[in-house]
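Visitor: Sharing a structure here in structure tokens format.
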Amino acid sequence: MPILRKFSIALLTIVTFSATAQPYSANWNSLDKRPIPTWFTDAKFGIFIHWGTYSVPAWAPANEDIGVYAKYAEWYWQRINGGKDPNEQKVDVNKMFVDHHNKIWGKDFKYQDFAPLFKAQYFDPNEWADIFKNAGAKYVILTSKHHEGFTLWPSTQSWNWNSVDVGPHRDLCGDLTKAVKAKGLHMGMYYSLYEWFNPLYKTDPSKYVSDRMIPQLKDLVTRYEPEILYPDGEWEHNSPLWQSENFLAWLYNESAVKNSVVVNDRWGKETRGKHGGYYSSEYGMAEGGSTIAERVAHPWEEIRGIGTSFGYNHVENLNNYMSSQELVHLLVNIVAHGGNLCLNVGPTADGRLPVIMQQRLLDIGQWLKVNGDAIYGTKVWKNRPKDSDQQKVFFTVKDNQLNVICTEWPDKPIVVNAITGAGKVSLLGSNMAVKSVFANGKLTITPPQLSPSTNPSQYAWVFKVDGYKE
């Protein structure tokens, strides 16, 4: 064989191998090396949506002295069937649900009977997308399927237990995805790996994963191309049974969103805070780091409701909801520690976003319109002072800009240490001059005198330091 032909064949073999080689193998050692797409770490604020058949009964004991998880209305089916409580409570929470169900719906009313009542007749995805955009959110995550197994898209694996076959008779995932992406926001999907009462899952989990879960997940990704995939319900089995590594290798190597998709760490009972993409905490609780400070070194996200539940709860009142000020302060605290806040809303069964939730989102959005430069695209300031319980001043950095975020208007000068240089200081949203002096590695900022007419924002204020040097 001529040397040139041998060389050509060898070159063709190398090119072909390179073209078909996949950068990520189906093991955590390889998968964990994939960097988090920067759009997610820059986004800082997202919206979670828990919506499904549980939005019909929409009940949980919101005001009792019980644990956080016991107040989740989306666990209604599990509770009325006496399912195992993943976190032992001081009281019989399941009995509280059963008593409520029997009183309101009757002993013979089955959970499946809620599905036809989940009509979503007032659902306007464009209106929702506008609200999320005006809130300053950069991404949205919808519960495509919760632990009850009811899907919000026409999944062939969930025949007659999805939003097209029964109830709304609409592809809710598809309708919202289209509206959210049209507003320039990133769209994501929550997906429960397990299903409480699926007979196949209860008798043969491995077959359930192969025949139902994996095909369903791939269908969800292929149909809607979500840029966040948020699995949950992973805690009963390790990741090999869920086939998590194989699925993520497909997601990262072959799917249409392989370059932009972001995933969390809920892929097996051993993976939280260890494997996957970003680390996830819930109402301040997280494996792999019980405090915010312990999670600073890795991309992370806090999820929580505005109230005590993710799914809509009829009996929540104003006392159960965080105020707009508390929510802005929570966002500031999380972002200053390198995380994202994904704030949940629970729509009603007829497709409306509760007005109190809309109001909270609008207030956050108004604050971000003024102060977003200190939130979006920022990073943790490595020289920040030690955290304290009474902390009122937080810091973020972006390029050569240091942001000093005050959650209470300072009545005396602010002293910033551990920098070697600083330029002009300004108050975001204001044209008022801000006096500052830099000397001997110390920047002293003297807040201007504000009046109601010159106050640029509510809840928190940002002094931007240009040209800072560490």
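Chain labels A, B, ... are given in the sequence in which chains occur in the structure tokens; within each chain residues are numbered consecutively from 1, and ligands are likewise numbered from 1 in the order shown.
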Taking the backbone alone, and naming residues the way the document does, which bits of stretch 47-172 of chain A are strand (DSSP E or B) by DSSP, as a PyMOL selection string?
Guide: chain A and resi 47-49+139-145+151+162
Visitor: Write the selection just made, keeping C-alpha atoms, as a PDB file, in the first residue's frame?
Guide:
ATOM      1  CA  ILE A  47     -38.621  31.425  39.811  1.00  0.00           C
ATOM      2  CA  PHE A  48     -39.769  27.953  40.858  1.00  0.00           C
ATOM      3  CA  ILE A  49     -43.358  26.817  40.136  1.00  0.00           C
ATOM      4  CA  TYR A 139     -34.862  31.695  34.720  1.00  0.00           C
ATOM      5  CA  VAL A 140     -37.983  29.690  35.505  1.00  0.00           C
ATOM      6  CA  ILE A 141     -38.316  26.070  36.719  1.00  0.00           C
ATOM      7  CA  LEU A 142     -41.672  24.278  36.357  1.00  0.00           C
ATOM      8  CA  THR A 143     -42.645  21.026  38.084  1.00  0.00           C
ATOM      9  CA  SER A 144     -43.126  18.873  35.000  1.00  0.00           C
ATOM     10  CA  LYS A 145     -43.889  15.897  37.281  1.00  0.00           C
ATOM     11  CA  THR A 151     -47.155  15.050  34.191  1.00  0.00           C
ATOM     12  CA  ASN A 162     -51.238  13.942  32.458  1.00  0.00           C
TER      13      ASN A 162
END
Visitor: Residues at most 10 Å from A:Tyr111, counting only C-alpha atoms, excluding those fewer than 6 positions away in the same chain, as a list in words?
Guide: Thr53, Tyr54, Val56, Pro57, Tyr76, Trp77, Gln78, Ile80, Asn81, His101, Trp105 and Glu148 of chain A
Visitor: Determine which residues of stretch 29-151 of chain A DSSP labels as alpha helix (DSSP H) from the backbone of this structure, then write them out as a PDB file with C-alpha atoms, in the first residue's frame.
Guide:
ATOM      1  CA  ASN A  29     -15.277  11.476  38.104  1.00  0.00           C
ATOM      2  CA  SER A  30     -15.792  12.614  34.515  1.00  0.00           C
ATOM      3  CA  LEU A  31     -19.235  14.220  34.867  1.00  0.00           C
ATOM      4  CA  THR A  38     -21.852  30.829  33.216  1.00  0.00           C
ATOM      5  CA  TRP A  39     -25.347  32.005  32.355  1.00  0.00           C
ATOM      6  CA  PHE A  40     -26.560  30.240  35.519  1.00  0.00           C
ATOM      7  CA  THR A  41     -23.962  31.596  37.920  1.00  0.00           C
ATOM      8  CA  ASP A  42     -24.562  35.094  36.500  1.00  0.00           C
ATOM      9  CA  ALA A  43     -28.368  34.850  36.748  1.00  0.00           C
ATOM     10  CA  TYR A  76     -51.115  15.804  50.075  1.00  0.00           C
ATOM     11  CA  TRP A  77     -51.526  12.368  48.454  1.00  0.00           C
ATOM     12  CA  GLN A  78     -48.693  10.842  50.412  1.00  0.00           C
ATOM     13  CA  ARG A  79     -50.047  12.238  53.675  1.00  0.00           C
ATOM     14  CA  ILE A  80     -53.652  11.099  53.285  1.00  0.00           C
ATOM     15  CA  VAL A  93     -48.958  15.010  60.626  1.00  0.00           C
ATOM     16  CA  ASN A  94     -50.537  12.387  58.388  1.00  0.00           C
ATOM     17  CA  LYS A  95     -53.570  12.224  60.677  1.00  0.00           C
ATOM     18  CA  MET A  96     -53.985  15.985  60.333  1.00  0.00           C
ATOM     19  CA  PHE A  97     -54.161  15.582  56.559  1.00  0.00           C
ATOM     20  CA  VAL A  98     -56.550  12.614  56.771  1.00  0.00           C
ATOM     21  CA  ASP A  99     -58.878  14.453  59.138  1.00  0.00           C
ATOM     22  CA  HIS A 100     -58.931  17.474  56.857  1.00  0.00           C
ATOM     23  CA  HIS A 101     -59.537  15.377  53.749  1.00  0.00           C
ATOM     24  CA  ASN A 102     -62.416  13.431  55.291  1.00  0.00           C
ATOM     25  CA  LYS A 103     -64.035  16.625  56.533  1.00  0.00           C
ATOM     26  CA  ILE A 104     -63.777  18.578  53.270  1.00  0.00           C
ATOM     27  CA  PRO A 125     -48.595  31.706  30.096  1.00  0.00           C
ATOM     28  CA  ASN A 126     -47.775  35.091  28.584  1.00  0.00           C
ATOM     29  CA  GLU A 127     -49.102  36.851  31.671  1.00  0.00           C
ATOM     30  CA  TRP A 128     -47.003  34.602  33.901  1.00  0.00           C
ATOM     31  CA  ALA A 129     -43.918  35.228  31.789  1.00  0.00           C
ATOM     32  CA  ASP A 130     -44.471  38.990  32.043  1.00  0.00           C
ATOM     33  CA  ILE A 131     -44.713  38.753  35.823  1.00  0.00           C
ATOM     34  CA  PHE A 132     -41.490  36.734  36.038  1.00  0.00           C
ATOM     35  CA  LYS A 133     -39.682  39.107  33.690  1.00  0.00           C
ATOM     36  CA  ASN A 134     -40.818  42.142  35.684  1.00  0.00           C
TER      37      ASN A 134
END
Visitor: What is the distance, in Å and to one decimal place, between atom CA of A:Trp242 and atom CA of A:Thr203?
Guide: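 Between atom CA of A:Trp242 and atom CA of A:Thr203 the gap is 15.0 Å.
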Visitor: Find the residues around A:Gln216 up to 9 Å (only C-alpha atoms counted), leave out those fewer than 6 positions away in its own chain, and share them as a list in words.
Guide: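 Surrounding residues, per the criterion: Ser155, Thr156, Gln157 and Ser158 of chain A.
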Visitor: Residues within 8 Å of A:Val315, please, as a list in words. Count only C-alpha atoms; anything in the same chain fewer than 5 positions from it doesn't count.
Guide: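 Surrounding residues, per the criterion: Trp59, Ala60, Pro61 and Ala62 of chain A.
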Visitor: Write a file of the selected residues as a short mmCIF file (atom, residue, chain, number, x, y, z; two decimals), in the first residue's frame, keeping N, CA and C atoms.
Guide:
data_model
loop_
_atom_site.label_atom_id
_atom_site.label_comp_id
_atom_site.auth_asym_id
_atom_site.auth_seq_id
_atom_site.Cartn_x
_atom_site.Cartn_y
_atom_site.Cartn_z
N TRP A 59 -53.86 22.15 50.51
CA TRP A 59 -53.95 22.27 51.97
C TRP A 59 -52.77 21.59 52.65
N ALA A 60 -52.30 22.27 53.70
CA ALA A 60 -51.33 21.71 54.63
C ALA A 60 -51.44 22.52 55.91
N PRO A 61 -51.04 21.97 57.05
CA PRO A 61 -51.14 22.71 58.32
C PRO A 61 -50.07 23.80 58.40
N ALA A 62 -50.43 25.00 58.02
CA ALA A 62 -49.46 26.08 57.88
C ALA A 62 -49.03 26.72 59.18
#
Visitor: Taking 6 positions as the minimum chain separation for residues in the same chain, which residues sit within 6 Å of stretch 219-229 of chain A when counting only C-alpha atoms? Answer as a PyMOL selection string.
Guide: chain A and resi 187-189+260-263
Visitor: Using only C-alpha atoms, can you tell me which of A:Asp92, A:Asp265, A:Asp211, A:Glu270 comes closest to A:His237?
Guide: A:Glu270
Visitor: So which residues touch A:Val335 within 12 Å, counting only C-alpha atoms, skipping near sequence neighbours fewer than 3 positions away, as a VMD selection string?
Guide: chain A and resid 41 to 45 292 to 293 295 to 296 299 to 302 328 to 332 338 to 342 372 374 to 381 394 to 397 403 405
Visitor: Could you give me, as JSON lines, a per-residue list for stretch 238-309 of chain A showing, wherever an atom lies at most 6 Å from an atom of stretch 23-28 of chain A, the closest pair of atoms and their distance in Å to one decimal, using only C-alpha atoms and sorting by chain then residue number from low to high?
Guide:
{"residue": "A:Glu245", "atom": "CA", "partner": "A:Ala26", "partner_atom": "CA", "distance": 4.8}
{"residue": "A:Asn246", "atom": "CA", "partner": "A:Ala26", "partner_atom": "CA", "distance": 4.9}
{"residue": "A:Ala249", "atom": "CA", "partner": "A:Ala26", "partner_atom": "CA", "distance": 5.1}
